[in-house]
$ cat input08.cif   # mmCIF, C-alpha atoms
data_model
loop_
_atom_site.label_atom_id
_atom_site.label_comp_id
_atom_site.auth_asym_id
_atom_site.auth_seq_id
_atom_site.Cartn_x
_atom_site.Cartn_y
_atom_site.Cartn_z
CA MET A 397 -18.81 -91.51 122.44
CA ASP A 398 -15.81 -92.68 120.45
CA SER A 399 -13.02 -91.40 122.68
CA GLY A 400 -10.36 -92.89 120.43
CA TYR A 401 -11.53 -90.74 117.53
CA LEU A 402 -11.59 -87.57 119.66
CA LEU A 403 -8.05 -88.28 120.91
CA SER A 404 -6.69 -89.18 117.45
CA GLY A 405 -6.58 -85.66 116.06
CA GLU A 406 -8.90 -86.67 113.20
CA ALA A 407 -11.97 -85.08 114.82
CA GLY A 408 -10.46 -81.61 114.37
CA VAL A 409 -11.02 -80.63 118.01
CA CYS A 410 -10.12 -77.01 118.64
CA GLY A 411 -10.52 -74.58 121.48
CA TYR A 412 -11.60 -70.98 121.20
CA GLY A 413 -12.32 -67.96 123.34
CA GLU A 414 -11.09 -67.04 126.78
CA ILE A 415 -10.47 -69.24 129.78
CA GLU A 416 -13.34 -68.66 132.23
CA TRP A 417 -12.29 -69.02 135.88
CA ARG A 418 -14.74 -70.19 138.55
CA TYR A 419 -14.13 -71.07 142.21
CA ILE A 420 -15.79 -74.43 142.98
CA ASN A 421 -15.23 -76.71 146.00
CA GLY A 422 -11.91 -75.15 147.05
CA ALA A 423 -10.39 -75.01 143.56
CA TRP A 424 -10.12 -72.47 140.75
CA ARG A 425 -11.36 -74.06 137.55
CA GLY A 426 -10.38 -72.54 134.23
CA VAL A 427 -12.80 -73.77 131.57
CA CYS A 428 -12.47 -73.54 127.80
CA THR A 429 -15.09 -74.56 125.27
CA LEU A 430 -14.00 -76.88 122.46
CA THR A 431 -15.55 -77.74 119.14
CA ALA A 432 -15.11 -80.76 116.88
CA PRO A 433 -16.34 -79.94 113.37
CA ASN A 434 -15.53 -83.46 112.17
CA TYR A 435 -17.34 -85.16 115.05
CA GLY A 436 -20.74 -83.70 115.79
CA PRO A 437 -22.60 -81.84 118.49
CA PRO A 438 -21.29 -83.09 121.86
CA ALA A 439 -20.34 -80.47 124.43
CA LEU A 440 -16.56 -80.60 124.74
CA THR A 441 -14.56 -78.75 127.39
CA LEU A 442 -10.98 -78.59 128.57
CA GLU A 443 -10.63 -77.57 132.21
CA ILE A 444 -7.61 -76.82 134.39
CA GLN A 445 -8.03 -77.13 138.15
CA VAL A 446 -5.80 -75.14 140.50
CA ARG A 447 -6.05 -75.70 144.25
CA PRO A 448 -4.75 -72.83 146.41
CA GLN A 449 -3.87 -75.23 149.24
CA ARG A 450 -1.92 -77.53 146.87
CA PRO A 451 -0.79 -75.28 144.01
CA SER A 452 1.66 -77.73 142.44
CA GLU A 453 -0.95 -80.51 142.21
CA ILE A 454 -2.64 -79.40 139.00
CA THR A 455 -5.36 -81.32 137.17
CA VAL A 456 -6.51 -80.92 133.57
CA VAL A 457 -9.67 -82.72 132.47
CA TYR A 458 -11.10 -83.27 128.99
CA LEU A 459 -14.88 -83.62 129.23
CA VAL A 460 -17.45 -84.79 126.71
CA ASN A 461 -21.04 -83.89 127.64
CA GLY A 462 -19.78 -83.48 131.21
CA ASP A 463 -18.26 -86.98 131.33
CA LEU A 464 -14.55 -87.53 131.80
CA LEU A 465 -12.67 -88.54 128.67
CA ARG A 466 -9.09 -88.14 129.96
CA ARG A 467 -7.37 -86.36 132.82
CA ILE A 468 -3.85 -85.32 133.67
CA ASP A 469 -2.76 -85.10 137.27
CA VAL A 470 0.44 -83.10 137.72
CA ASN A 471 2.24 -84.22 140.89
CA GLY A 472 -0.81 -86.33 141.70
CA ALA A 473 -0.85 -89.35 143.97
CA HIS A 474 -1.97 -92.62 142.42
CA LYS A 475 -1.59 -96.08 143.94
CA GLY A 476 1.02 -94.96 146.44
CA ARG A 477 3.13 -92.95 143.96
CA ARG A 478 3.25 -89.20 143.43
CA TYR A 479 3.96 -88.38 139.79
CA SER A 480 2.46 -86.61 136.78
CA HIS A 481 0.21 -89.03 134.93
CA VAL A 482 -2.66 -89.42 132.47
CA GLN A 483 -5.80 -91.38 133.31
CA GLY A 484 -8.71 -92.47 131.17
CA LYS A 485 -9.69 -94.70 128.29
CA ARG A 486 -8.06 -94.70 124.88
CA SER A 487 -11.36 -95.80 123.35
CA SER A 488 -14.83 -96.66 124.59
CA GLU A 489 -13.99 -100.38 124.43
CA ASP A 490 -10.79 -100.14 126.51
CA ALA A 491 -10.33 -100.37 130.26
CA GLU A 492 -9.15 -97.25 132.07
CA THR A 493 -5.39 -96.82 132.06
CA THR A 494 -2.88 -94.77 134.03
CA GLU A 495 0.45 -93.87 132.49
CA PRO A 496 3.14 -91.22 133.04
CA VAL A 497 2.93 -88.04 130.98
CA PRO A 498 5.32 -87.95 127.99
CA GLU A 499 8.87 -86.68 128.53
CA TRP A 500 8.13 -83.42 126.67
CA PHE A 501 5.32 -82.50 129.11
CA VAL A 502 6.29 -79.60 131.41
CA THR A 503 7.72 -80.54 134.80
CA VAL A 504 6.24 -78.63 137.73
CA PRO A 505 8.27 -78.76 140.94
CA PHE A 506 6.35 -80.05 143.96
CA ALA A 507 6.33 -76.77 145.89
CA ARG A 508 4.19 -74.25 147.79
CA THR A 509 4.17 -71.77 144.92
CA VAL A 510 3.75 -72.18 141.18
CA SER A 511 4.22 -69.54 138.51
CA GLU A 512 1.37 -68.50 136.25
CA ALA A 513 3.63 -69.46 133.34
CA ALA A 514 3.73 -73.05 134.67
CA TYR A 515 -0.08 -73.22 134.84
CA ARG A 516 -0.28 -71.92 131.28
CA GLN A 517 2.28 -74.48 130.06
CA VAL A 518 0.44 -77.35 131.80
CA PHE A 519 -2.81 -76.31 130.10
CA PHE A 520 -1.31 -76.03 126.62
CA ASP A 521 0.76 -79.21 126.99
CA ALA A 522 -2.45 -81.03 128.00
CA ALA A 523 -4.20 -79.66 124.91
CA LYS A 524 -1.31 -80.93 122.77
CA LEU A 525 -1.43 -84.36 124.41
CA PHE A 526 -5.20 -84.56 123.88
CA LYS A 527 -4.80 -83.45 120.22
CA VAL A 528 -6.73 -80.22 120.77
CA ASP A 529 -5.77 -77.26 118.58
CA ALA A 530 -5.37 -74.52 121.19
CA ALA A 531 -4.18 -71.70 118.90
CA ALA A 532 -7.42 -69.70 119.33
CA ILE A 533 -7.60 -70.05 123.13
CA ALA A 534 -6.95 -66.80 124.99
CA TRP A 535 -5.17 -67.79 128.20
CA SER A 536 -5.74 -65.80 131.38
CA ASP A 537 -3.93 -66.48 134.63
CA PRO A 538 -5.79 -67.92 137.61
CA PRO A 539 -7.26 -65.27 139.89
CA GLU A 540 -5.11 -63.67 142.58
CA GLY A 541 -4.35 -65.94 145.51
CA SER A 542 -4.62 -69.20 143.58
CA ALA A 543 -0.90 -69.89 143.30
#

$ encode --input "input08.cif" --output "structure tokens"
Amino acid sequence: MDSGYLLSGEAGVCGYGEIEWRYINGAWRGVCTLTAPNYGPPALTLEIQVRPQRPSEITVVYLVNGDLLRRIDVNGAHKGRRYSHVQGKRSSEDAETTEPVPEWFVTVPFARTVSEAAYRQVFFDAAKLFKVDAAAIAWSDPPEGSA
């Protein structure tokens, strides 16, 4: 897998269809199928994870054939700090990195409730950061009781 190519925007990765929500291991997971016409046949997905017990700690993962390519942890703890950050490899040859999200990425207050609009913005900002064209993705809010 050439993760650098998938993250460059040159692979033409785009999402389509509706977000499908599933409850797995204490979290609502909203999954969207992606395609990369300029890359080939791997199974690509973008998934947002919403935990009812920790609603402002949101995770978005970009998966290739079920393997993690990159992830964003909003208000996530990493090495003793709580901040919104991106983890993963820039290319298959690189070591894993952790870096803050860009300044334009939505800020979600660390709180007991989060609006559905904030979840939506996190998902679409993650798609933008991962160079995924999300114009054809039909967002649906997490199921009742997730926020």

$ resolve_selection --input "input08.cif" --expression "the PyMOL selection byres ((chain A and resi 442) around 8)" --output "list in words"
Val427, Cys428, Thr429, Leu430, Leu440, Thr441, Glu443, Ile444, Val456, Val457, Tyr458, Leu459 and Ala523 of chain A

$ atom_distance --input "input08.cif" --atom1 "CA of Arg466 (chain A)" --atom2 "CA of Gly484 (chain A)"
4.5 Å

$ resolve_selection --input "input08.cif" --expression "the PyMOL selection byres ((chain A and resi 434) around 6)" --output "list of chain:residue names"
A:Ala407, A:Gly408, A:Ala432, A:Pro433, A:Tyr435

$ residues_around --input "input08.cif" --residues "Pro438 (chain A)" --least-positions-apart "6" --cutoff "9 Å" --atoms "only C-alpha atoms" --output "PyMOL selection string"
chain A and resi 397+431-432+460-461

$ residues_near_point --input "input08.cif" --point "(5.9, -83.0, 139.1)" --cutoff "9 Å" --atoms "all atoms listed in the file" --output "JSON, numbers by chain"
{"A": [452, 453, 470, 471, 472, 478, 479, 480, 502, 503, 504, 505, 506]}

$ atom_distance --input "input08.cif" --atom1 "CA of Asp537 (chain A)" --atom2 "CA of Thr455 (chain A)"
15.1 Å

$ atom_distance --input "input08.cif" --atom1 "CA of Asp463 (chain A)" --atom2 "CA of Pro451 (chain A)"
24.6 Å

$ closest_residue --input "input08.cif" --among "A:Thr509, A:Val409, A:Gly400, A:Pro448" --to "Lys527 (chain A)" --atoms "only C-alpha atoms"
A:Val409

$ resolve_selection --input "input08.cif" --expression "the PyMOL selection byres ((chain A and resi 529) around 9)" --output "JSON, numbers by chain"
{"A": [405, 408, 409, 410, 411, 412, 523, 524, 527, 528, 530, 531, 532, 533]}

$ closest_residue --input "input08.cif" --among "A:Phe526, A:Arg425, A:Val497, A:Leu465" --to "Glu406 (chain A)" --atoms "all atoms listed in the file"
A:Phe526

$ axis_aligned_box --input "input08.cif" --around "region 421-425 of chain A" --padding-each-side "6 Å" --output "lines of an AutoDock Vina configuration file"
center_x = -12.7
center_y = -74.6
center_z = 142.3
size_x = 17.1
size_y = 16.2
size_z = 21.5

$ closest_residue --input "input08.cif" --among "A:Glu512, A:Glu540, A:Lys485, A:Gly422" --to "Arg450 (chain A)" --atoms "only C-alpha atoms"
A:Gly422

$ closest_residue --input "input08.cif" --among "A:Leu402, A:Ile454, A:Leu464, A:Ala439" --to "Glu492 (chain A)" --atoms "only C-alpha atoms"
A:Leu464

$ closest_residue --input "input08.cif" --among "A:Ser399, A:Gln445, A:Gln483, A:Gln517" --to "Pro538 (chain A)" --atoms "all atoms listed in the file"
A:Gln445

$ decode --input "input08.cif" --residues "region 470-487 of chain A" --atoms "N, CA, C and O atoms" --output "short mmCIF file (atom, residue, chain, number, x, y, z; two decimals), in the first residue's frame"
data_model
loop_
_atom_site.label_atom_id
_atom_site.label_comp_id
_atom_site.auth_asym_id
_atom_site.auth_seq_id
_atom_site.Cartn_x
_atom_site.Cartn_y
_atom_site.Cartn_z
N VAL A 470 -9.89 13.54 18.18
CA VAL A 470 -10.33 14.84 18.65
C VAL A 470 -10.40 14.77 20.17
O VAL A 470 -11.06 13.89 20.71
N ASN A 471 -9.71 15.68 20.83
CA ASN A 471 -9.63 15.71 22.29
C ASN A 471 -9.08 14.39 22.85
O ASN A 471 -9.43 13.96 23.94
N GLY A 472 -8.21 13.76 22.10
CA GLY A 472 -7.64 12.49 22.52
C GLY A 472 -6.38 12.66 23.35
O GLY A 472 -5.64 13.63 23.19
N ALA A 473 -6.16 11.72 24.25
CA ALA A 473 -4.95 11.74 25.07
C ALA A 473 -3.84 10.99 24.35
O ALA A 473 -4.06 9.91 23.81
N HIS A 474 -2.66 11.59 24.31
CA HIS A 474 -1.51 10.96 23.70
C HIS A 474 -0.26 11.44 24.42
O HIS A 474 0.01 12.64 24.48
N LYS A 475 0.48 10.50 24.98
CA LYS A 475 1.73 10.81 25.69
C LYS A 475 1.56 11.92 26.73
O LYS A 475 2.32 12.88 26.77
N GLY A 476 0.50 11.77 27.54
CA GLY A 476 0.30 12.71 28.63
C GLY A 476 -0.37 14.02 28.28
O GLY A 476 -0.56 14.87 29.14
N ARG A 477 -0.71 14.22 27.00
CA ARG A 477 -1.38 15.46 26.57
C ARG A 477 -2.75 15.12 26.00
O ARG A 477 -2.92 14.09 25.37
N ARG A 478 -3.70 16.00 26.23
CA ARG A 478 -5.02 15.85 25.62
C ARG A 478 -5.17 16.94 24.57
O ARG A 478 -5.19 18.13 24.89
N TYR A 479 -5.24 16.54 23.32
CA TYR A 479 -5.37 17.51 22.22
C TYR A 479 -5.87 16.78 20.98
O TYR A 479 -5.87 15.56 20.92
N SER A 480 -6.29 17.52 19.99
CA SER A 480 -6.73 16.92 18.73
C SER A 480 -5.50 16.72 17.86
O SER A 480 -4.74 17.65 17.62
N HIS A 481 -5.31 15.48 17.39
CA HIS A 481 -4.09 15.15 16.67
C HIS A 481 -4.33 14.08 15.60
O HIS A 481 -5.34 13.39 15.62
N VAL A 482 -3.37 13.98 14.70
CA VAL A 482 -3.38 13.02 13.61
C VAL A 482 -2.26 12.02 13.86
O VAL A 482 -1.14 12.42 14.21
N GLN A 483 -2.55 10.74 13.68
CA GLN A 483 -1.54 9.70 13.83
C GLN A 483 -1.50 8.86 12.57
O GLN A 483 -2.52 8.66 11.91
N GLY A 484 -0.34 8.32 12.27
CA GLY A 484 -0.19 7.42 11.14
C GLY A 484 1.10 7.67 10.40
O GLY A 484 1.96 8.43 10.84
N LYS A 485 1.21 7.02 9.24
CA LYS A 485 2.40 7.15 8.41
C LYS A 485 2.08 8.00 7.20
O LYS A 485 1.01 7.88 6.61
N ARG A 486 3.03 8.82 6.80
CA ARG A 486 2.85 9.61 5.58
C ARG A 486 3.07 8.76 4.33
O ARG A 486 2.51 9.00 3.29
N SER A 487 3.92 7.76 4.46
CA SER A 487 4.13 6.80 3.38
C SER A 487 4.52 5.47 4.01
O SER A 487 4.83 5.40 5.20
#
